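*Asks:* final03.txt is the file, holding compact mmCIF, C-alpha atoms:
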```
# COMPACT_ATOMS: atom_id res chain seq x y z
CA MET V 1 83.73 -30.49 -142.04
CA GLU V 2 83.51 -34.28 -141.95
CA GLN V 3 81.49 -35.50 -138.96
CA ILE V 4 83.65 -38.61 -138.58
CA TYR V 5 86.50 -36.41 -137.30
CA THR V 6 84.57 -34.17 -134.90
CA ILE V 7 84.46 -36.73 -132.06
CA PRO V 8 88.21 -37.54 -131.92
CA VAL V 9 89.14 -33.86 -132.33
CA ASN V 10 86.80 -32.79 -129.52
CA GLU V 11 87.98 -35.64 -127.29
CA ALA V 12 91.66 -34.78 -127.80
CA PHE V 13 91.10 -31.11 -126.96
CA GLU V 14 88.97 -31.99 -123.92
CA ASN V 15 91.50 -34.53 -122.65
CA CYS V 16 94.39 -32.10 -122.94
CA GLN V 17 92.33 -29.32 -121.35
CA MET V 18 91.44 -31.47 -118.34
CA ASN V 19 94.76 -33.30 -117.88
CA GLY V 20 97.30 -30.64 -118.80
CA CYS V 21 98.64 -32.60 -121.78
CA ASP V 22 100.95 -31.20 -124.39
CA CYS V 23 99.78 -30.30 -127.93
CA PRO V 24 96.36 -31.93 -128.60
CA LEU V 25 97.22 -32.32 -132.28
CA CYS V 26 100.30 -34.36 -131.36
CA LYS V 27 97.94 -36.57 -129.39
CA LEU V 28 95.72 -36.99 -132.46
CA TYR V 29 98.69 -37.74 -134.69
CA ASP V 30 99.97 -40.36 -132.25
CA MET V 31 96.53 -41.98 -132.16
CA LEU V 32 96.41 -42.12 -135.97
CA GLU V 33 99.93 -43.51 -136.18
CA LYS V 34 99.25 -46.35 -133.73
CA LYS V 35 96.06 -47.21 -135.59
CA GLU V 36 97.78 -47.29 -139.00
CA VAL V 37 100.75 -49.33 -137.75
CA ASP V 38 98.38 -51.89 -136.21
CA MET V 39 96.28 -51.95 -139.38
CA SER V 40 99.33 -52.48 -141.56
CA LEU V 41 100.28 -55.57 -139.57
CA GLY V 42 96.71 -56.80 -139.15
CA SER V 43 94.26 -58.59 -141.43
CA SER V 44 94.04 -55.57 -143.74
CA MET V 45 97.48 -56.32 -145.12
CA MET V 46 96.09 -59.52 -146.65
CA GLU V 47 93.65 -57.54 -148.81
CA PRO V 48 95.03 -57.50 -152.38
CA SER V 49 94.45 -53.75 -152.94
CA ILE V 50 96.15 -52.84 -149.65
CA ARG V 51 99.09 -55.17 -150.31
CA MET V 52 99.58 -53.73 -153.79
CA GLU V 53 99.73 -50.23 -152.32
CA MET V 54 102.20 -51.37 -149.64
CA ASN V 55 104.36 -53.03 -152.29
CA GLU V 56 104.44 -49.89 -154.37
CA LYS V 57 105.00 -47.29 -151.63
CA GLY V 58 106.92 -49.20 -149.00
CA PHE V 59 107.56 -47.66 -145.56
CA CYS V 60 109.81 -45.00 -144.12
CA ARG V 61 112.56 -45.88 -141.65
CA ASP V 62 110.52 -44.66 -138.67
CA HIS V 63 107.49 -46.79 -139.51
CA PHE V 64 109.56 -49.88 -140.28
CA SER V 65 111.02 -49.43 -136.78
CA LYS V 66 107.57 -49.03 -135.23
CA MET V 67 106.33 -52.18 -136.96
CA LEU V 68 109.35 -54.10 -135.67
CA GLU V 69 108.54 -52.89 -132.14
CA LYS V 70 105.12 -54.56 -132.40
CA ASN V 71 106.92 -57.93 -132.39
CA ASN V 72 104.67 -59.30 -135.14
CA ARG V 73 107.54 -60.55 -137.25
CA LEU V 74 105.51 -62.93 -139.41
CA SER V 75 103.15 -60.21 -140.67
CA LEU V 76 106.10 -57.92 -141.36
CA ALA V 77 107.94 -60.71 -143.17
CA LEU V 78 104.87 -61.38 -145.35
CA ILE V 79 104.81 -57.70 -146.31
CA LEU V 80 108.53 -57.81 -147.14
CA GLU V 81 108.07 -61.03 -149.11
CA SER V 82 105.99 -59.20 -151.72
CA HIS V 83 107.57 -55.74 -151.37
CA LEU V 84 111.20 -56.76 -151.97
CA PRO V 85 110.62 -58.41 -155.38
CA GLU V 86 108.85 -55.25 -156.52
CA VAL V 87 111.80 -53.17 -155.33
CA LYS V 88 114.16 -55.53 -157.17
CA GLY V 89 112.19 -55.16 -160.40
CA LYS V 90 112.16 -51.39 -160.18
CA LEU V 91 115.89 -51.19 -159.50
CA ASN V 92 116.78 -53.45 -162.45
CA GLY V 93 114.59 -51.66 -164.99
CA GLY V 94 112.64 -53.16 -167.86
CA PHE V 95 113.41 -54.55 -171.30
CA PHE V 96 113.36 -51.20 -173.08
CA ASP V 97 115.57 -49.60 -170.42
CA ALA V 98 118.21 -52.20 -171.26
CA ILE V 99 117.90 -51.55 -175.01
CA PHE V 100 118.08 -47.76 -174.74
CA GLY V 101 120.69 -47.66 -172.00
CA THR V 102 118.43 -45.89 -169.47
CA ARG V 103 118.65 -48.49 -166.70
CA ALA V 104 120.83 -46.41 -164.35
CA LYS V 105 118.64 -43.32 -164.67
CA LYS V 106 115.43 -45.34 -164.23
CA SER V 107 116.91 -47.23 -161.30
CA TYR V 108 117.83 -43.98 -159.54
CA LYS V 109 114.39 -42.47 -160.11
CA ASN V 110 112.61 -45.57 -158.83
CA ALA V 111 114.91 -45.92 -155.82
CA ASP V 112 114.43 -42.26 -154.92
CA LYS V 113 110.65 -42.62 -155.22
CA ILE V 114 110.57 -45.67 -152.95
CA VAL V 115 112.89 -44.11 -150.36
CA ASN V 116 110.74 -40.98 -150.18
CA SER V 117 107.35 -42.65 -149.94
CA CYS V 118 105.61 -44.44 -147.08
CA PHE V 119 102.29 -46.25 -147.04
CA ILE V 120 101.65 -45.34 -143.40
CA CYS V 121 102.77 -41.70 -143.66
CA GLU V 122 100.44 -41.08 -146.59
CA ARG V 123 97.44 -42.57 -144.81
CA ILE V 124 98.17 -40.60 -141.64
CA ASP V 125 98.63 -37.35 -143.55
CA ASN V 126 95.33 -37.81 -145.36
CA HIS V 127 93.38 -38.22 -142.10
CA PHE V 128 95.40 -35.66 -140.17
CA GLU V 129 94.80 -32.94 -142.76
CA LYS V 130 91.07 -33.45 -142.31
CA MET V 131 91.45 -33.33 -138.51
CA ILE V 132 93.25 -29.98 -138.70
CA GLU V 133 90.50 -28.67 -140.95
CA THR V 134 87.87 -29.98 -138.53
CA ALA V 135 89.53 -28.18 -135.60
CA VAL V 136 89.48 -24.90 -137.51
CA LEU V 137 85.85 -25.30 -138.58
CA LEU V 138 84.77 -26.29 -135.05
CA TYR V 139 86.36 -23.06 -133.84
CA ASP V 140 84.33 -21.20 -136.45
CA LYS V 141 81.01 -22.88 -135.63
CA GLU V 142 81.08 -23.69 -131.90
CA SER V 143 81.77 -21.28 -129.07
CA GLY V 144 82.44 -24.22 -126.74
CA PHE V 145 85.29 -25.39 -128.93
CA ARG V 146 86.78 -21.90 -128.94
CA GLU V 147 86.98 -22.15 -125.16
CA LYS V 148 88.70 -25.52 -125.45
CA LEU V 149 91.29 -24.05 -127.79
CA ARG V 150 91.99 -21.10 -125.48
CA ALA V 151 92.46 -23.52 -122.55
CA GLN V 152 95.21 -25.59 -124.20
CA LYS V 153 98.68 -25.77 -122.70
CA TYR V 154 100.25 -25.11 -126.10
CA PHE V 155 100.38 -26.24 -129.73
CA CYS V 156 103.73 -27.48 -131.00
CA LEU V 157 105.30 -25.24 -133.61
CA PRO V 158 104.68 -27.55 -136.62
CA HIS V 159 100.99 -27.86 -135.73
CA TYR V 160 100.70 -24.17 -134.88
CA ALA V 161 101.86 -23.44 -138.44
CA LEU V 162 99.42 -26.00 -139.89
CA LEU V 163 96.51 -24.51 -137.96
CA LEU V 164 97.26 -20.99 -139.18
CA ASP V 165 97.73 -22.16 -142.76
CA THR V 166 94.43 -24.07 -142.73
CA ALA V 167 92.57 -21.24 -141.00
CA GLY V 168 93.83 -18.84 -143.68
CA ARG V 169 92.02 -20.95 -146.28
CA GLU V 170 88.88 -21.82 -144.34
CA LEU V 171 87.98 -18.69 -142.37
CA ASP V 172 86.99 -15.20 -143.42
CA LYS V 173 89.32 -12.33 -142.55
CA ARG V 174 87.57 -11.33 -139.31
CA LYS V 175 87.34 -14.86 -137.93
CA TYR V 176 90.92 -15.58 -139.02
CA GLU V 177 92.15 -12.63 -136.96
CA GLU V 178 90.19 -13.91 -133.95
CA PHE V 179 91.63 -17.38 -134.47
CA TYR V 180 95.16 -16.01 -134.65
CA LYS V 181 94.63 -13.90 -131.53
CA ASP V 182 93.44 -16.90 -129.49
CA LEU V 183 96.08 -19.26 -130.87
CA SER V 184 98.97 -16.85 -130.41
CA SER V 185 97.81 -16.09 -126.87
CA VAL V 186 98.17 -19.78 -125.99
CA GLU V 187 101.61 -19.94 -127.63
CA ASN V 188 102.96 -16.75 -126.08
CA LYS V 189 101.90 -17.75 -122.58
CA PHE V 190 103.68 -21.09 -122.92
CA LEU V 191 106.75 -19.57 -124.57
CA GLU V 192 107.14 -16.90 -121.91
CA LYS V 193 107.30 -19.54 -119.20
CA THR V 194 109.48 -21.93 -121.19
CA VAL V 195 112.00 -19.21 -122.08
CA GLY V 196 112.31 -18.40 -118.40
CA ASP V 197 112.59 -22.04 -117.39
CA VAL V 198 115.31 -22.78 -119.95
CA SER V 199 117.27 -19.77 -118.72
CA TRP V 200 116.89 -20.92 -115.12
CA PHE V 201 117.98 -24.44 -116.13
CA CYS V 202 121.21 -22.94 -117.51
CA LYS V 203 121.74 -20.82 -114.38
CA LYS V 204 121.48 -23.90 -112.18
CA PHE V 205 124.81 -25.10 -113.62
CA ASP V 206 126.45 -21.95 -112.30
CA TYR V 207 127.81 -22.52 -108.78
CA ARG V 208 126.30 -19.22 -107.66
CA TYR V 209 122.81 -20.71 -108.09
CA ASP V 210 123.62 -24.10 -106.64
CA ALA V 211 121.56 -23.57 -103.49
CA GLU V 212 118.55 -22.20 -105.39
CA PRO V 213 115.53 -24.43 -106.10
CA TRP V 214 114.93 -25.81 -109.59
CA TYR V 215 111.30 -24.62 -109.70
CA ASP V 216 109.85 -25.97 -113.00
CA ALA V 217 113.13 -25.96 -114.91
CA LYS V 218 114.32 -29.58 -114.63
CA ASP V 219 112.50 -30.67 -117.79
CA ALA V 220 112.79 -27.32 -119.60
CA PRO V 221 115.02 -28.58 -122.48
CA GLU V 222 112.71 -31.55 -123.18
CA ARG V 223 109.66 -29.29 -123.00
CA ALA V 224 111.23 -26.77 -125.38
CA ILE V 225 112.13 -29.49 -127.89
CA ARG V 226 108.61 -30.96 -127.82
CA PHE V 227 107.28 -27.47 -128.53
CA LEU V 228 109.72 -26.82 -131.37
CA SER V 229 109.50 -30.18 -133.12
CA GLY V 230 106.30 -31.85 -131.97
CA GLY V 231 106.00 -35.25 -130.35
CA VAL V 232 103.82 -37.61 -128.41
CA SER V 233 101.52 -35.81 -126.01
CA LYS V 234 102.38 -36.31 -122.37
CA SER V 235 100.66 -35.40 -119.15
CA LYS V 236 102.31 -33.37 -116.40
```
Take the structure I supplied and represent it as structure tokens, if you would.
*Replies:*
Amino acid sequence: MEQIYTIPVNEAFENCQMNGCDCPLCKLYDMLEKKEVDMSLGSSMMEPSIRMEMNEKGFCRDHFSKMLEKNNRLSLALILESHLPEVKGKLNGGFFDAIFGTRAKKSYKNADKIVNSCFICERIDNHFEKMIETAVLLYDKESGFREKLRAQKYFCLPHYALLLDTAGRELDKRKYEEFYKDLSSVENKFLEKTVGDVSWFCKKFDYRYDAEPWYDAKDAPERAIRFLSGGVSKSK
């Protein structure tokens, strides 16, 4: 367990416990993403080693969009100024590709590699993997953190799966069963309510229920989608 990650993990779980936020791991991911987007457009992008990595890996559609939203067009243009010539070179192939007639195949392979890589995604994933591991190991070592986990509103399905997968590698069989019991208890409680709320949302479009109150069902579809697919943490 790397100590550098214990503070942000604890803070995210505490914040969501106190404020009724959605998945605390979504909150951590969002924090990492904002940090990496800002870093990519900041002074770090002028460092030769960072720029070389950006040129090679490029960015996914989502992170290009997020960089555009920052309205720092000069920094983004400087990144593109060095990235585009590298893309051009990879698409056209080299001298030997021309001789041996392998340009098309090489161009496809290079284009596919660029399209499916992202400088920001890779950096986020590296840190986030360690944060998931830290959450599991804090559960193993600290009773206070176990209470924080049990008090969560829910964990989105993608992060629920990641937690179980990581716990399966990091915990012994007995502690893994305890972890699963606590985690699934959080999920089942949330799912039971959400299933009911989605059903009530549907009923409200039936004239027979027109006079009935909405209760907590107005945002049930949005809530269900955030659970199923993950997303930015939001307070009640």
*Asks:* Could you state the separation of CA of Tyr176 (chain V) and CA of Gln17 (chain V) in Å, given to one decimal place?
*Replies:*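 Between CA of Tyr176 (chain V) and CA of Gln17 (chain V) the gap works out to 22.4 Å.
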*Asks:* For region 220-233 of chain V, list every protein, DNA or RNA residue within 7 Å, evaluated using all atoms listed in the file, and leave out those in the same chain fewer than 2 positions away; present the list as a list in words.
*Replies:* Cys21, Asp22, Cys23, Pro24, Cys26, Lys27, Asp30, Cys156, Leu157, Pro158, Thr194, Asp197, Val198, Phe201, Ala217, Lys218 and Ser235 of chain V
*Asks:* Can you spit out the residues from that selection as a PDB file, in the frame of the given file, using C-alpha atoms?
*Replies:*
```pdb
ATOM      1  CA  CYS V  21      98.640 -32.600-121.780  1.00  0.00           C
ATOM      2  CA  ASP V  22     100.950 -31.200-124.390  1.00  0.00           C
ATOM      3  CA  CYS V  23      99.780 -30.300-127.930  1.00  0.00           C
ATOM      4  CA  PRO V  24      96.360 -31.930-128.600  1.00  0.00           C
ATOM      5  CA  CYS V  26     100.300 -34.360-131.360  1.00  0.00           C
ATOM      6  CA  LYS V  27      97.940 -36.570-129.390  1.00  0.00           C
ATOM      7  CA  ASP V  30      99.970 -40.360-132.250  1.00  0.00           C
ATOM      8  CA  CYS V 156     103.730 -27.480-131.000  1.00  0.00           C
ATOM      9  CA  LEU V 157     105.300 -25.240-133.610  1.00  0.00           C
ATOM     10  CA  PRO V 158     104.680 -27.550-136.620  1.00  0.00           C
ATOM     11  CA  THR V 194     109.480 -21.930-121.190  1.00  0.00           C
ATOM     12  CA  ASP V 197     112.590 -22.040-117.390  1.00  0.00           C
ATOM     13  CA  VAL V 198     115.310 -22.780-119.950  1.00  0.00           C
ATOM     14  CA  PHE V 201     117.980 -24.440-116.130  1.00  0.00           C
ATOM     15  CA  ALA V 217     113.130 -25.960-114.910  1.00  0.00           C
ATOM     16  CA  LYS V 218     114.320 -29.580-114.630  1.00  0.00           C
ATOM     17  CA  SER V 235     100.660 -35.400-119.150  1.00  0.00           C
TER      18      SER V 235
END
```
*Asks:* Find the residue from V:Glu142, V:Glu187, V:Asp125, V:Glu2 that sits nearest to Ala161 (chain V); use only C-alpha atoms when measuring.
*Replies:* V:Glu187
*Asks:* At a cut-off of 12 Å, using all atoms listed in the file, what residues contact Glu147 (chain V)? Leave out same-chain residues fewer than 5 positions from it and give the result as a VMD selection string.
*Replies:* chain V and resid 10 13 to 14 17 138 to 140 142 152 179 182 to 183 186
*Asks:* Restricting it to C-alpha atoms, dump the selection as a JSON list (two decimals), keeping the file's coordinate frame.
*Replies:*
```json
[["chain", "number", "residue", "atom", "x", "y", "z"],
["V", 10, "ASN", "CA", 86.80, -32.79, -129.52],
["V", 13, "PHE", "CA", 91.10, -31.11, -126.96],
["V", 14, "GLU", "CA", 88.97, -31.99, -123.92],
["V", 17, "GLN", "CA", 92.33, -29.32, -121.35],
["V", 138, "LEU", "CA", 84.77, -26.29, -135.05],
["V", 139, "TYR", "CA", 86.36, -23.06, -133.84],
["V", 140, "ASP", "CA", 84.33, -21.20, -136.45],
["V", 142, "GLU", "CA", 81.08, -23.69, -131.90],
["V", 152, "GLN", "CA", 95.21, -25.59, -124.20],
["V", 179, "PHE", "CA", 91.63, -17.38, -134.47],
["V", 182, "ASP", "CA", 93.44, -16.90, -129.49],
["V", 183, "LEU", "CA", 96.08, -19.26, -130.87],
["V", 186, "VAL", "CA", 98.17, -19.78, -125.99]]
```
*Asks:* Separation of CA of Thr6 (chain V) and CA of Met31 (chain V), in Å?
*Replies:* 14.5 Å
*Asks:* Using only C-alpha atoms, which of V:Leu78, V:Arg150, V:Ile132, V:Met18 sits nearest Lys189 (chain V)?
*Replies:*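 The closest residue to Lys189 (chain V) is V:Arg150.
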*Asks:* Find the residues near region 164-167 of chain V: any atom within 7 Å, counting only C-alpha atoms, skip ones fewer than 2 places away on the same chain, and give them as an MDAnalysis selection string.
*Replies:* chainID V and resid 133 136 160:162 169:171 176
